[in-house]
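One structure is given below, encoded as structure tokens.
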Amino acid sequence: MKAPIVVHRTGPTGGRTVTINDELAGLIHDDRDLIELLRQAGIYDAEHCLDDPHWIEWRGSPAHRYEAA
């Protein structure tokens, strides 16, 4: 089963884009941004999803890292 949330690789200026169900959800710069983005999408227990591979796939860069590539 594919995770519905993908945190994509860091960009050249830092930050990571997030897709939810293959739709662009936003750009984040830290875990707080990610939690807020997920809450806005209706996932109210977001902080408990960050390391759950059933919910989130961290793609292209290590999890919880947001520095420029």
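Ligands are numbered from 1 in the order shown, chains are lettered A, B, ... in the order of the structure tokens, and residues start at 1 in each chain.
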Find the residues near Arg9 in chain A: any atom within 12 Å, counting only C-alpha atoms, skip ones fewer than 3 places away on the same chain, and give them as a list in words.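 In the requested form, the answer reads Val6, Pro12, Thr13, Gly14, Gly15, Arg16, Thr17, Val18, Thr19, Leu27, Ile28, His29, Glu57, Trp58, Arg59, Gly60, Ser61, Pro62, Ala63, His64, Arg65, Tyr66, Glu67, Ala68 and Ala69 of chain A.
Within chain A, DSSP run on the backbone puts these residues in helix (DSSP H, G or I): A:Asp31, A:Arg32, A:Asp33, A:Leu34, A:Ile35, A:Glu36, A:Leu37, A:Leu38, A:Arg39, A:Gln40, A:Ala46, A:Glu47, A:His48.
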Kindly save the residues from that selection, with N, CA and C atoms included, as a PDB file, in the first residue's frame.
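Okay, this is what ended up in out22.pdb:
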ATOM      1  N   ASP A  31       9.400  20.377  10.731  1.00  0.00           N
ATOM      2  CA  ASP A  31       8.329  19.465  11.141  1.00  0.00           C
ATOM      3  C   ASP A  31       7.082  20.218  11.604  1.00  0.00           C
ATOM      4  N   ARG A  32       7.252  21.377  12.210  1.00  0.00           N
ATOM      5  CA  ARG A  32       6.069  22.156  12.629  1.00  0.00           C
ATOM      6  C   ARG A  32       5.226  22.544  11.432  1.00  0.00           C
ATOM      7  N   ASP A  33       5.873  22.953  10.334  1.00  0.00           N
ATOM      8  CA  ASP A  33       5.137  23.270   9.107  1.00  0.00           C
ATOM      9  C   ASP A  33       4.376  22.045   8.604  1.00  0.00           C
ATOM     10  N   LEU A  34       5.031  20.885   8.642  1.00  0.00           N
ATOM     11  CA  LEU A  34       4.394  19.662   8.172  1.00  0.00           C
ATOM     12  C   LEU A  34       3.177  19.323   9.020  1.00  0.00           C
ATOM     13  N   ILE A  35       3.314  19.406  10.331  1.00  0.00           N
ATOM     14  CA  ILE A  35       2.186  19.113  11.220  1.00  0.00           C
ATOM     15  C   ILE A  35       1.032  20.065  10.947  1.00  0.00           C
ATOM     16  N   GLU A  36       1.322  21.341  10.784  1.00  0.00           N
ATOM     17  CA  GLU A  36       0.263  22.317  10.507  1.00  0.00           C
ATOM     18  C   GLU A  36      -0.395  22.048   9.152  1.00  0.00           C
ATOM     19  N   LEU A  37       0.390  21.735   8.146  1.00  0.00           N
ATOM     20  CA  LEU A  37      -0.157  21.421   6.827  1.00  0.00           C
ATOM     21  C   LEU A  37      -1.093  20.216   6.899  1.00  0.00           C
ATOM     22  N   LEU A  38      -0.677  19.189   7.642  1.00  0.00           N
ATOM     23  CA  LEU A  38      -1.515  17.994   7.773  1.00  0.00           C
ATOM     24  C   LEU A  38      -2.784  18.288   8.562  1.00  0.00           C
ATOM     25  N   ARG A  39      -2.682  19.106   9.588  1.00  0.00           N
ATOM     26  CA  ARG A  39      -3.884  19.488  10.337  1.00  0.00           C
ATOM     27  C   ARG A  39      -4.859  20.251   9.447  1.00  0.00           C
ATOM     28  N   GLN A  40      -4.345  21.143   8.607  1.00  0.00           N
ATOM     29  CA  GLN A  40      -5.209  21.875   7.683  1.00  0.00           C
ATOM     30  C   GLN A  40      -5.879  20.937   6.685  1.00  0.00           C
ATOM     31  N   ALA A  46      -1.631  14.603  13.580  1.00  0.00           N
ATOM     32  CA  ALA A  46      -0.532  14.671  12.620  1.00  0.00           C
ATOM     33  C   ALA A  46       0.829  14.368  13.230  1.00  0.00           C
ATOM     34  N   GLU A  47       1.090  14.849  14.444  1.00  0.00           N
ATOM     35  CA  GLU A  47       2.426  14.647  15.019  1.00  0.00           C
ATOM     36  C   GLU A  47       2.755  13.175  15.219  1.00  0.00           C
ATOM     37  N   HIS A  48       1.746  12.323  15.296  1.00  0.00           N
ATOM     38  CA  HIS A  48       1.971  10.894  15.470  1.00  0.00           C
ATOM     39  C   HIS A  48       2.147  10.164  14.138  1.00  0.00           C
TER      40      HIS A  48
END
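As for CA of Asp51 in chain A and CA of Asp30 in chain A, they are spaced 14.1 Å apart.
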Strand (DSSP E) per DSSP on the backbone: members of range 5-37 of chain A, as JSON, numbers by chain: {"A": [5, 6, 7, 8, 9, 10, 16, 17, 18, 19, 20, 23, 24, 25, 26, 27, 28]}
Can you work out the spacing between CA of Ile43 in chain A and CA of Ile56 in chain A in Å, to one decimal?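 For CA of Ile43 in chain A relative to CA of Ile56 in chain A, the distance reads 12.0 Å.
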Would you work out the distance separating CA of Pro53 in chain A from CA of Glu23 in chain A, expressed in Å to one decimal?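 Atom-to-atom, CA of Pro53 in chain A to CA of Glu23 in chain A, that is 18.4 Å.
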Residues at most 8 Å from Trp55 in chain A, counting only C-alpha atoms, excluding those fewer than 2 positions away in the same chain, as a list in words?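 Neighbouring residues, sequence-local ones excluded: Ala3, Pro4, Ile5, Cys49, Leu50, Asp52, Pro53 and Glu57 of chain A.
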